[in-house]
Amino acid sequence: MKKIVILGAGESGSGAAVLAKVKGFEVFVSDMAEINPKYKKLLDEHQIEWEEKQHTEEKILRADEIIKSPGIPDTTPIVKKIIKQGTRIISEIEFAGRYTSSKMICITGSNGKTTTTSLIYHIFRDAGYDVGLAGNIGRSLALQVALEPHEYYVIELSSFQLDNMYDFRANIAILLNITPDHLDRYDNKFENYADSKMRIIQNQTPDDSFIYWNDDPVIQKELRKFNVKAVCYPFSELKEHGSIGYIEQGMYTIEQPTPFNIEQESLSLTGKHNIYNSLAAGIASNISGIRKENIRKSLSDFPGVEHRLEKVCKVAGVQYINDSKATNVDACWYALESMRTPTILIIGGKDKGNDYEPIKPLVKEKCTALVYLGADNRKLHENFDSLGLPVRDTHSMKECVDACYELARPGDTVLLSPCCASFDLFKNMEDRGEQFKQLVKAL
Ligand code: ADP
């Protein structure tokens with residue numbers, strides 16, 4: 001019997017283990033950390049052998065093939081040994097792809113993956129399609145293929161997942177953008193990271209579709225290196241040569257394959273970045289034959305994704321917005337750009353070597369006050385005090401929300417879009433967003 005070893009027993013690893021077992025392989029799961037009880041239960045239910053807090057080398061090295069969690073870097077000692085020995089390492093998505101002929105809609109990019117993936121899933125589901133959500137969000141693809149198969153899958157793919165994909169074919173591939181990220185895992189070479197993102201189009205045929213942002217210089221440069229076989233659907237903010245999706249005179253417009261439009265005003269997601277995400281999602285849905293009225297309805301009633309420009313509520317005429325996921329300056333830039341009323345910006349946290357220059361013009365244009373929220377706010381004072389806006393120095397969410405309440409006037413917006421990671425004061429960005437929402441609702 002062929003032996004499959006799975007490294008990492010999270011959502012993807014445990015799902016891959018179940019699929020491998022169902023397909024008749026001898027399966028062994030190994031995790032260096034403690035395994036979440038819900039995954040232990042799943043493995044036990046399927047009589048799958050597992051270990052935690054260790055890697056038993058002789059067992060792992062005996063595998064015919066290894067399925068590795070995307071979170072485990074190639075520099076880990078056990079992975080180095082596997083690579084040296086020449087055993088093939090694949091990702092859970094690659095493995096699951098072998099056992100299904102369902103249509104795969106795959107989304108990658110440096111920013112916007114979760115939003116676009118969730119929006120496509122929303123459109124498909126509301127149109128009555130049999131669709132599963134997989135990849136970085138939802139349940140693992142492997143588990144769905146094993147136990148509850150769907151006709152379509154909408155899959156969020158990180159570059160780490162793409163790295164261990166070889167034969168997997170995306171029927172519809174979406175590449176939103178490529179900006180520097182995770183360079184520590186790519187020998188600090190941006191080109192390696194960009195090449196990794198382009199793996200989303202490998203194995204595509206002329207029957208497949210490739211949707212991408214036409215104005216991204218990195219994607220354009222990469223495209224020159226590849227012979228793209230799929231039908232291309234480039235999109236851009238404004239109508240331009242080559243783009244088949246854009247905004248023209250206030251209309252969100254898709255030319256191909258079926259001409260489609262909707263007033264930009266009716267899109268539920270706001271902000272320039274969400275024009276891109278909404279175009280990518282609309283094109284994928286259009287290609288998949290979803291009726292225009294369904295796409296229109298779903299583009300306009302999508303509730304959005306938590307912690308991403310999420311409207312919390314209005315208090316005393318002030319709109320509060322939670323964009324806790326904005327952990328870098330680029331994401332905050334897009335948030336500020338989308339503000340239409342005087343804004344009090346909450347900024348700060350664990351700074352990853354941020355350069356704040358790109359947002360200063362927008363802060364000057366849109367903000368009436370700044371509230372710094374971090375364990376150490378010195379860098380924020382150095383960067384923003386000179387703009388002459390009222391500023392408040394806070395070190396807890398309670399202090400921060402109180403300061404915002406005091407500064408805001410009816411008609412203003414309070415925006416939590418902190419440019420920074422959350423680990424100095426919070427467990428994670430979700431915890432930061434939750435605390436913000438709770439305190440705002442309690443005002
Ligand atoms: P990902 O899953 O790729 O991290 P998200 O959809 O979770 O992306 O969004 C992460 C952050 O990036 C959000 O704060 C959002 O404001 C910003 N963002 C979303 N879409 C885009 C885009 N297309 N281009 C640039 N920034 C974006």
# chains A, B, ... in the order shown; residues from 1 in each chain; ligands from 1
>>> select_by_dssp(residues="region 23-159 of chain A", states="alpha helix (DSSP H)", output="ChimeraX atom specification")
/A:37-45,57-61,77-85,92-97,113-126,141-147,159
>>> residues_near_ligand(ligand="ligand 1", cutoff="6 Å", atoms="only C-alpha atoms and all ligand atoms", output="PyMOL selection string")
chain A and resi 110-115+176+273-274+276-277+308+323+325-326+331+334-335
>>> write_last_selection(atoms="N, CA and C atoms", output="PDB file, in the first residue's frame")
ATOM      1  N   SER A 110      -1.412  39.509  -3.416  1.00  0.00           N
ATOM      2  CA  SER A 110      -0.832  39.881  -2.129  1.00  0.00           C
ATOM      3  C   SER A 110      -1.904  40.432  -1.200  1.00  0.00           C
ATOM      4  N   ASN A 111      -2.878  41.164  -1.744  1.00  0.00           N
ATOM      5  CA  ASN A 111      -3.972  41.728  -0.948  1.00  0.00           C
ATOM      6  C   ASN A 111      -5.303  41.500  -1.653  1.00  0.00           C
ATOM      7  N   GLY A 112      -6.343  41.260  -0.866  1.00  0.00           N
ATOM      8  CA  GLY A 112      -7.694  41.165  -1.432  1.00  0.00           C
ATOM      9  C   GLY A 112      -8.195  39.747  -1.641  1.00  0.00           C
ATOM     10  N   LYS A 113      -7.377  38.751  -1.300  1.00  0.00           N
ATOM     11  CA  LYS A 113      -7.787  37.352  -1.546  1.00  0.00           C
ATOM     12  C   LYS A 113      -9.074  36.992  -0.798  1.00  0.00           C
ATOM     13  N   THR A 114      -9.075  37.231   0.520  1.00  0.00           N
ATOM     14  CA  THR A 114     -10.236  36.797   1.308  1.00  0.00           C
ATOM     15  C   THR A 114     -11.504  37.520   0.866  1.00  0.00           C
ATOM     16  N   THR A 115     -11.385  38.814   0.615  1.00  0.00           N
ATOM     17  CA  THR A 115     -12.565  39.576   0.190  1.00  0.00           C
ATOM     18  C   THR A 115     -13.112  39.021  -1.121  1.00  0.00           C
ATOM     19  N   LEU A 176      -4.841  39.025  -8.274  1.00  0.00           N
ATOM     20  CA  LEU A 176      -5.300  40.382  -7.952  1.00  0.00           C
ATOM     21  C   LEU A 176      -4.194  41.426  -8.022  1.00  0.00           C
ATOM     22  N   HIS A 273      -9.824  49.751  -3.913  1.00  0.00           N
ATOM     23  CA  HIS A 273      -9.364  48.363  -3.939  1.00  0.00           C
ATOM     24  C   HIS A 273     -10.527  47.402  -4.151  1.00  0.00           C
ATOM     25  N   ASN A 274     -11.710  47.800  -3.644  1.00  0.00           N
ATOM     26  CA  ASN A 274     -12.856  46.913  -3.793  1.00  0.00           C
ATOM     27  C   ASN A 274     -13.485  46.975  -5.177  1.00  0.00           C
ATOM     28  N   TYR A 276     -11.553  46.702  -7.723  1.00  0.00           N
ATOM     29  CA  TYR A 276     -10.789  45.580  -8.312  1.00  0.00           C
ATOM     30  C   TYR A 276     -11.389  44.243  -7.880  1.00  0.00           C
ATOM     31  N   ASN A 277     -11.628  44.122  -6.575  1.00  0.00           N
ATOM     32  CA  ASN A 277     -12.136  42.845  -6.064  1.00  0.00           C
ATOM     33  C   ASN A 277     -13.513  42.538  -6.663  1.00  0.00           C
ATOM     34  N   ARG A 308     -12.682  44.039   7.661  1.00  0.00           N
ATOM     35  CA  ARG A 308     -12.172  44.698   6.450  1.00  0.00           C
ATOM     36  C   ARG A 308     -13.161  45.797   6.077  1.00  0.00           C
ATOM     37  N   ASP A 323     -11.435  48.352  10.344  1.00  0.00           N
ATOM     38  CA  ASP A 323     -10.568  47.821   9.280  1.00  0.00           C
ATOM     39  C   ASP A 323      -9.306  47.265   9.947  1.00  0.00           C
ATOM     40  N   LYS A 325      -7.955  44.550   9.864  1.00  0.00           N
ATOM     41  CA  LYS A 325      -7.082  43.723   9.001  1.00  0.00           C
ATOM     42  C   LYS A 325      -6.035  44.570   8.290  1.00  0.00           C
ATOM     43  N   ALA A 326      -6.193  45.889   8.290  1.00  0.00           N
ATOM     44  CA  ALA A 326      -5.208  46.757   7.625  1.00  0.00           C
ATOM     45  C   ALA A 326      -3.934  46.794   8.463  1.00  0.00           C
ATOM     46  N   ALA A 331      -2.731  48.912   2.855  1.00  0.00           N
ATOM     47  CA  ALA A 331      -4.149  48.650   3.141  1.00  0.00           C
ATOM     48  C   ALA A 331      -4.804  49.903   3.732  1.00  0.00           C
ATOM     49  N   TYR A 334      -5.685  52.476   1.049  1.00  0.00           N
ATOM     50  CA  TYR A 334      -6.935  52.206   0.336  1.00  0.00           C
ATOM     51  C   TYR A 334      -8.149  52.549   1.202  1.00  0.00           C
ATOM     52  N   ALA A 335      -8.031  52.323   2.499  1.00  0.00           N
ATOM     53  CA  ALA A 335      -9.149  52.639   3.398  1.00  0.00           C
ATOM     54  C   ALA A 335      -9.379  54.152   3.427  1.00  0.00           C
TER      55      ALA A 335
END
>>> atom_distance(atom1="CA of Asn354 (chain A)", atom2="CA of Ser422 (chain A)")
13.9 Å
>>> select_by_dssp(residues="region 165-209 of chain A", states="strand (DSSP E or B)", output="list in words")
Ile172, Ala173, Ile174, Leu175 and Ser209 of chain A
>>> write_last_selection(atoms="N, CA and C atoms", output="short mmCIF file (atom, residue, chain, number, x, y, z; two decimals), in the first residue's frame")
data_model
loop_
_atom_site.label_atom_id
_atom_site.label_comp_id
_atom_site.auth_asym_id
_atom_site.auth_seq_id
_atom_site.Cartn_x
_atom_site.Cartn_y
_atom_site.Cartn_z
N ILE A 172 -10.64 28.59 -13.46
CA ILE A 172 -10.61 30.05 -13.50
C ILE A 172 -9.55 30.49 -12.48
N ALA A 173 -8.55 31.22 -12.96
CA ALA A 173 -7.50 31.71 -12.05
C ALA A 173 -7.63 33.22 -11.94
N ILE A 174 -7.52 33.73 -10.71
CA ILE A 174 -7.57 35.18 -10.50
C ILE A 174 -6.30 35.62 -9.81
N LEU A 175 -5.62 36.60 -10.40
CA LEU A 175 -4.42 37.16 -9.78
C LEU A 175 -4.70 38.65 -9.55
N SER A 209 -9.75 30.12 -17.90
CA SER A 209 -9.78 31.58 -17.90
C SER A 209 -8.76 32.13 -16.91
#
>>> closest_residue(among="A:Trp213, A:His122, A:Val414, A:Met104", to="Arg169 (chain A)", atoms="only C-alpha atoms")
A:Met104
>>> closest_residue(among="A:Gly348, A:Leu143, A:Gln85, A:Gly128", to="Lys21 (chain A)", atoms="only C-alpha atoms")
A:Leu143
>>> residues_around(residues="region 265-271 of chain A", least_positions_apart="2", cutoff="10 Å", atoms="only C-alpha atoms", output="JSON, numbers by chain")
{"A": [115, 119, 250, 251, 252, 262, 263, 273, 274, 275, 276, 277, 278, 296, 297, 298, 299, 300, 301, 302, 303, 304, 305, 309, 310, 334, 335, 336, 337, 338, 339, 340]}
>>> residues_around(residues="Leu425 (chain A)", least_positions_apart="3", cutoff="9 Å", atoms="only C-alpha atoms", output="PyMOL selection string")
chain A and resi 349-350+373-375+395-397+422+428+432
>>> write_last_selection(atoms="N, CA and C atoms", output="compact mmCIF listing (two decimals), in the first residue's frame")
# COMPACT_ATOMS: atom_id res chain seq x y z
N GLY A 349 0.27 50.27 16.65
CA GLY A 349 0.37 48.86 17.00
C GLY A 349 1.80 48.42 16.86
N LYS A 350 1.97 47.17 16.43
CA LYS A 350 3.34 46.66 16.25
C LYS A 350 3.81 47.05 14.86
N LEU A 373 -2.83 54.32 18.85
CA LEU A 373 -3.17 53.18 19.72
C LEU A 373 -2.05 52.16 19.64
N GLY A 374 -1.18 52.18 20.65
CA GLY A 374 -0.08 51.21 20.64
C GLY A 374 0.62 51.19 21.98
N ALA A 375 1.45 50.17 22.18
CA ALA A 375 2.23 50.11 23.41
C ALA A 375 3.26 51.24 23.38
N HIS A 395 -3.35 53.74 24.95
CA HIS A 395 -2.65 52.46 25.10
C HIS A 395 -3.58 51.30 25.37
N SER A 396 -4.89 51.54 25.23
CA SER A 396 -5.84 50.43 25.34
C SER A 396 -7.02 50.79 24.44
N MET A 397 -7.81 49.78 24.07
CA MET A 397 -8.95 50.07 23.18
C MET A 397 -9.98 50.95 23.88
N SER A 422 -1.04 43.69 15.47
CA SER A 422 -1.79 43.97 16.70
C SER A 422 -1.14 43.40 17.95
N ASN A 428 -4.53 39.17 18.44
CA ASN A 428 -4.40 39.17 16.98
C ASN A 428 -5.30 40.25 16.42
N ARG A 432 -8.37 42.63 18.19
CA ARG A 432 -8.39 44.10 18.13
C ARG A 432 -9.72 44.60 17.57
>>> residues_around(residues="region 70-76 of chain A", least_positions_apart="6", cutoff="8 Å", atoms="only C-alpha atoms", output="PyMOL selection string")
chain A and resi 8+91+160-161+185
>>> write_last_selection(atoms="N, CA and C atoms", output="short mmCIF file (atom, residue, chain, number, x, y, z; two decimals), in the first residue's frame")
data_model
loop_
_atom_site.label_atom_id
_atom_site.label_comp_id
_atom_site.auth_asym_id
_atom_site.auth_seq_id
_atom_site.Cartn_x
_atom_site.Cartn_y
_atom_site.Cartn_z
N GLY A 8 1.79 18.48 9.70
CA GLY A 8 0.91 19.58 10.12
C GLY A 8 -0.53 19.11 10.12
N SER A 91 1.09 20.00 -1.79
CA SER A 91 0.17 20.69 -0.87
C SER A 91 -1.16 19.94 -0.85
N PHE A 160 2.35 30.18 -0.50
CA PHE A 160 2.90 28.96 0.11
C PHE A 160 2.18 27.71 -0.40
N GLN A 161 0.87 27.85 -0.61
CA GLN A 161 0.14 26.71 -1.16
C GLN A 161 0.56 26.47 -2.61
N ARG A 185 10.52 34.07 3.18
CA ARG A 185 10.39 32.68 2.72
C ARG A 185 10.85 32.52 1.27
#
>>> atom_distance(atom1="CA of Tyr166 (chain A)", atom2="CA of Tyr99 (chain A)")
14.6 Å
